[in-house]
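A.B. asks: I'd like to ask some things about the structure below.
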Amino acid sequence: MRMDYLNHNFPFNQKNFLIKLLLTIFFFGLAFRLLFFHSLPPHISPLLESPLPEKATEPSEPENPPQNSSLPEPVPELPEHVPQNEDEDEDQVSHIDTGKCDYFSGDWVPNPSGPVYTNESCNLIEAHQNCLKNGRPDREFLYWKWVPRDCELPQFDPQKFLNLMRNKAWALIGDSIQRNHVQSLLCMLSTVEQADLVYHDEEYKSKSWHFPSYNFSVSVVWSPFLVEAAIFEDINGVSSSEVQLYLDKLDSKWTDQYLNFDYIIISTGKWFVKSAIYYENDTILGCHSCSNKNLTDLGFNFAYRKALKFVMNFIVSSNHKGLIFFRTSTPDHFENGEWFSGGTCNRTTPIKEGEMEMKDLSRILRDIELEEFGKAAFEASRNGVNFQLVDLAPLSLLRPDGHPGPYRHFHPFDKRLNAKIQNDCLHWCLPGPIDSWNDILMEMVVNG
């Protein structure tokens with residue numbers, strides 16, 4: 001009946017036109033369907049093409065995920081530092097790297113507010129780092145802060161930190177940079193409460209302080225090699241004989257109290273460059289820089305790797321229930337020589353990334369540190385030990401202006417004092433760039 005109706009009402013040409021129109025619409029729709037599905041990004045294709053899509057709850061991320069893709073993907077959790085688009089569904093976010101913030105990639109930017117303490121308000125600064133009291137004339141080095149590129153880094157909050165650390169104990173274990181760092185931390189905390197010195201060793205290298213209102217303690221443990229060592233040098237660091245280094249014996253000064261601390265920052269580095277004789281099983285293995293000895297020169301890198309491996313194996317198998325940071329060694333900035341050959345550090349502003357190469361020595365130390373930490377971190381995660389890396393070397397490299405230089409001594413250019421000028425381009429002025437280390441550590445504690 002319907003066909004009769006068409007035959008009756010439409011001439012042949014009109015019927016032909018209608019059939020062609022219908023076929024055109026059909027093929028156009030088919031082509032659009034094929035084109036649309038094949039134009040979808042490849043990183044979401046498993047959800048469309050997998051024979052078992054119900055198991056593909058989250059697509060694997062590409063090696064270099066786009067930072068602002070227009071196609072949202074479901075992710076298990078939105079990082080705190082990434083703002084969520086309110087127009088999207090709650091379980092949909094832009095396709096970005098959802099890893100933790102990289103606090104160690106960034107820039108030093110001007111900070112007009114300056115440091116939270118001064119050399120006059122804090123009485124804990126050792127003379128060699130009290131650059132302003134010692135007569136350093138410039139002040140610009142005080143007005144910078146470290147800013148990561150991909151996330152926010154709030155300024156260290158002393159009150160919040162002390163509240164978090166109530167009934168806790170911190171320890172910084174290592175060499176003189178750790179002493180430098182603990183002074184920075186204590187000076188920042190002194191804006192809330194002055195700490196009481198409750199312990200010191202005979203040489204005042206290891207110390208402990210207590211904040212009575214918070215029952216919080218901070219200790220610095222002098223152990224420059226972390227392994228057992230016999231050191232023969234005077235107060236100025238001049239050696240009378242090679243260091244005797246026992247690479248299979250940990251220094252009991254820190255291991256005996258290791259489990260008493262809730263938070264630990266451990267580090268070493270430059271001391272391994274000193275002339276040394278290496279022991280294992282109480283037998284001489286060889287040495288470093290010992291040309292007058294009939295021993296095999298194994299190089300400092302041999303001892304450094306062996307010692308770090310031993311230290312980290314102890315940490316990851318220790319059943320420690322707190323948080324342990326391994327801090328990479330920081331570079332020095334001696335230019336036109338070294339500390340013993342007239343090297344100086346006279347810069348007054350930070351530099352940009354790429355303006356200065358890390359010295360070979362610092363690079364070798366850091367490479368070993370990163371390699372050994374990488375191995376240890378895997379074991380730590382298996383054993384339930386919270387072991388984290390604090391890689392402060394790259395950001396410290398950009399602050400050649402932050403060292404005492406000649407102002408490690410009181411008014412070094414005063415002719416009346418007839419002082420011998422000795423530059424320090426390794427340690428840090430207080431206040432100074434080292435204060436930003438505490439910004440990073442606090443965020444890692446809060447978010448870790």
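Ordering of the structure tokens sets the chain letters (A, B, ...); residue numbers start at 1 within each chain; ligands are numbered from 1 in the order shown.
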For stretch 247-253 of chain A, please output as a ChimeraX atom specification all residues within 8 Å (counting only C-alpha atoms; exclusion window: fewer than 3 positions along the same chain).
C.D. replies: /A:221-223,226-229,256-257,278-281,303,306-307,310-311
A.B. asks: If you run DSSP on the backbone, which residues of stretch 119-353 of chain A are strand (DSSP E), as a compact mmCIF listing (two decimals) with C-alpha atoms, in the first residue's frame?
C.D. replies:
# COMPACT_ATOMS: atom_id res chain seq x y z
CA TRP A 144 65.67 35.91 48.55
CA LYS A 145 63.50 32.84 48.98
CA TRP A 146 63.36 29.47 47.27
CA VAL A 147 60.24 28.88 45.14
CA PRO A 148 59.57 25.46 43.52
CA ALA A 169 62.82 14.58 69.28
CA TRP A 170 64.87 15.66 66.24
CA ALA A 171 68.48 14.86 65.42
CA LEU A 172 70.81 16.17 62.75
CA ILE A 173 73.65 13.70 62.31
CA GLY A 174 76.80 14.38 60.33
CA ASP A 196 67.67 25.49 76.67
CA LEU A 197 71.04 23.90 76.03
CA VAL A 198 70.86 20.62 77.97
CA TYR A 199 73.93 18.74 76.70
CA HIS A 200 77.24 19.26 74.96
CA LYS A 207 74.77 19.32 71.50
CA SER A 208 71.14 18.97 72.57
CA TRP A 209 68.52 21.65 73.22
CA HIS A 210 65.09 21.44 74.82
CA PHE A 211 61.97 23.55 74.31
CA PHE A 216 60.55 19.07 72.17
CA SER A 217 64.25 18.36 71.79
CA VAL A 218 66.73 19.04 68.99
CA SER A 219 70.16 17.43 68.85
CA VAL A 220 73.15 17.69 66.57
CA VAL A 221 75.41 14.63 66.61
CA TRP A 222 78.95 15.13 65.35
CA VAL A 227 81.39 5.22 60.22
CA GLU A 228 84.06 4.81 62.88
CA ALA A 229 87.07 7.06 62.34
CA ALA A 230 90.23 8.10 64.10
CA VAL A 243 92.37 9.52 58.98
CA GLN A 244 91.92 5.88 59.93
CA LEU A 245 88.53 4.92 58.55
CA TYR A 246 86.74 1.67 59.44
CA LEU A 247 84.30 1.05 56.62
CA ASP A 248 82.52 -1.87 58.32
CA LYS A 249 81.93 -0.20 61.71
CA LEU A 250 79.26 2.42 62.25
CA TYR A 263 62.95 12.65 63.10
CA ILE A 264 66.47 12.36 61.76
CA ILE A 265 68.43 14.25 59.10
CA ILE A 266 71.61 12.39 58.22
CA ALA A 276 92.76 8.35 54.79
CA ILE A 277 93.67 4.72 55.34
CA TYR A 278 90.77 2.31 54.90
CA TYR A 279 90.10 -0.68 57.14
CA GLU A 280 87.72 -3.62 56.95
CA THR A 283 92.69 -5.12 58.09
CA ILE A 284 94.01 -2.39 55.82
CA LEU A 285 92.27 -2.38 52.44
CA GLY A 286 94.06 0.57 50.91
CA CYS A 287 93.97 4.33 51.15
CA HIS A 288 93.22 7.66 49.54
CA LEU A 323 60.90 9.77 59.59
CA ILE A 324 64.50 9.70 58.35
CA PHE A 325 65.87 12.16 55.80
CA PHE A 326 69.06 11.66 53.86
CA ARG A 327 70.41 15.04 52.80
A.B. asks: Among stretch 162-237 of chain A, which ones does DSSP place in alpha helix (DSSP H), written as JSON, numbers by chain?
C.D. replies: {"A": [162, 163, 164, 176, 177, 178, 179, 180, 181, 182, 183, 184, 185, 186, 187, 188, 189]}
A.B. asks: Within 10 Å of stretch 355-357 of chain A, counting only C-alpha atoms, which residues qualify if same-chain residues fewer than 3 places away don't, as an MDAnalysis selection string?
C.D. replies: chainID A and resid 333 351:352 360 363 397:398 400
A.B. asks: Deliver the residues from the most recent selection as a file, using all heavy atoms, as a JSON list (two decimals), in the first residue's frame.
C.D. replies:
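Produced file again-v7.json, reproduced below:
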[["chain", "number", "residue", "atom", "x", "y", "z"],
["A", 333, "HIS", "N", 81.63, 26.95, 46.88],
["A", 333, "HIS", "CA", 81.69, 27.95, 45.81],
["A", 333, "HIS", "C", 83.03, 28.69, 45.78],
["A", 333, "HIS", "O", 83.08, 29.88, 45.49],
["A", 333, "HIS", "CB", 80.54, 28.96, 45.97],
["A", 333, "HIS", "CG", 79.19, 28.38, 45.69],
["A", 333, "HIS", "ND1", 78.37, 27.91, 46.68],
["A", 333, "HIS", "CD2", 78.52, 28.20, 44.53],
["A", 333, "HIS", "CE1", 77.24, 27.47, 46.16],
["A", 333, "HIS", "NE2", 77.31, 27.62, 44.84],
["A", 351, "ILE", "N", 72.57, 33.07, 41.43],
["A", 351, "ILE", "CA", 72.74, 32.86, 40.00],
["A", 351, "ILE", "C", 71.56, 32.04, 39.49],
["A", 351, "ILE", "O", 70.79, 31.46, 40.27],
["A", 351, "ILE", "CB", 74.07, 32.16, 39.67],
["A", 351, "ILE", "CG1", 74.15, 30.79, 40.38],
["A", 351, "ILE", "CG2", 75.24, 33.04, 40.06],
["A", 351, "ILE", "CD1", 75.36, 29.97, 39.99],
["A", 352, "LYS", "N", 71.44, 31.96, 38.17],
["A", 352, "LYS", "CA", 70.39, 31.16, 37.55],
["A", 352, "LYS", "C", 70.94, 29.77, 37.20],
["A", 352, "LYS", "O", 72.15, 29.58, 37.05],
["A", 352, "LYS", "CB", 69.89, 31.85, 36.28],
["A", 352, "LYS", "CG", 69.17, 33.16, 36.53],
["A", 352, "LYS", "CD", 67.85, 32.94, 37.24],
["A", 352, "LYS", "CE", 67.05, 34.22, 37.39],
["A", 352, "LYS", "NZ", 65.79, 34.01, 38.13],
["A", 360, "ASP", "N", 83.55, 18.86, 39.86],
["A", 360, "ASP", "CA", 83.65, 17.41, 39.70],
["A", 360, "ASP", "C", 83.54, 16.68, 41.03],
["A", 360, "ASP", "O", 82.85, 15.66, 41.13],
["A", 360, "ASP", "CB", 84.96, 17.04, 39.01],
["A", 360, "ASP", "CG", 84.97, 17.41, 37.53],
["A", 360, "ASP", "OD1", 83.87, 17.65, 36.98],
["A", 360, "ASP", "OD2", 86.05, 17.45, 36.93],
["A", 363, "ARG", "N", 79.97, 16.70, 42.23],
["A", 363, "ARG", "CA", 79.15, 15.86, 41.34],
["A", 363, "ARG", "C", 79.37, 14.38, 41.63],
["A", 363, "ARG", "O", 78.41, 13.59, 41.67],
["A", 363, "ARG", "CB", 79.49, 16.17, 39.88],
["A", 363, "ARG", "CG", 78.72, 15.34, 38.87],
["A", 363, "ARG", "CD", 79.16, 15.65, 37.45],
["A", 363, "ARG", "NE", 80.61, 15.56, 37.30],
["A", 363, "ARG", "CZ", 81.27, 14.42, 37.19],
["A", 363, "ARG", "NH1", 80.63, 13.26, 37.25],
["A", 363, "ARG", "NH2", 82.59, 14.42, 37.04],
["A", 397, "LEU", "N", 73.54, 25.15, 44.92],
["A", 397, "LEU", "CA", 74.52, 25.53, 43.89],
["A", 397, "LEU", "C", 74.26, 26.94, 43.38],
["A", 397, "LEU", "O", 75.18, 27.65, 42.98],
["A", 397, "LEU", "CB", 74.46, 24.53, 42.73],
["A", 397, "LEU", "CG", 75.40, 24.79, 41.55],
["A", 397, "LEU", "CD1", 76.87, 24.67, 41.99],
["A", 397, "LEU", "CD2", 75.11, 23.83, 40.39],
["A", 398, "LEU", "N", 73.00, 27.38, 43.43],
["A", 398, "LEU", "CA", 72.62, 28.69, 42.89],
["A", 398, "LEU", "C", 72.85, 29.84, 43.87],
["A", 398, "LEU", "O", 72.49, 30.97, 43.57],
["A", 398, "LEU", "CB", 71.14, 28.66, 42.47],
["A", 398, "LEU", "CG", 70.73, 27.53, 41.49],
["A", 398, "LEU", "CD1", 69.26, 27.64, 41.15],
["A", 398, "LEU", "CD2", 71.58, 27.55, 40.23],
["A", 400, "PRO", "N", 75.96, 31.15, 45.43],
["A", 400, "PRO", "CA", 77.37, 31.44, 45.75],
["A", 400, "PRO", "C", 77.54, 32.68, 46.62],
["A", 400, "PRO", "O", 78.61, 32.92, 47.17],
["A", 400, "PRO", "CB", 78.01, 31.64, 44.37],
["A", 400, "PRO", "CG", 76.89, 32.12, 43.50],
["A", 400, "PRO", "CD", 75.68, 31.37, 43.99]]
A.B. asks: Need the shell around A:Met188: protein/DNA/RNA residues with any atom at most 7 Å away, counting only C-alpha atoms. Skip same-chain ones fewer than 5 positions apart. Format as an MDAnalysis selection string?
C.D. replies: chainID A and resid 116:117 158
A.B. asks: Just N, CA and C atoms for this one: save the residues we selected as a JSON list (two decimals), in the first residue's frame.
C.D. replies:
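Output saved as out_30.json:
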[["chain", "number", "residue", "atom", "x", "y", "z"],
["A", 116, "VAL", "N", 63.32, 35.79, 59.08],
["A", 116, "VAL", "CA", 62.41, 35.89, 60.24],
["A", 116, "VAL", "C", 63.19, 36.18, 61.52],
["A", 117, "TYR", "N", 64.51, 36.09, 61.48],
["A", 117, "TYR", "CA", 65.32, 36.42, 62.64],
["A", 117, "TYR", "C", 66.53, 37.22, 62.16],
["A", 158, "PRO", "N", 57.26, 28.77, 62.58],
["A", 158, "PRO", "CA", 57.82, 28.24, 63.83],
["A", 158, "PRO", "C", 56.77, 27.77, 64.83]]
A.B. asks: Out of A:Val273, A:Ile434, A:Leu189, A:Ile235, which residue has the shortest atom-to-atom distance to A:Leu395 when counting only C-alpha atoms?
C.D. replies: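 Answer, going by the shortest atom-to-atom distance: A:Ile434.
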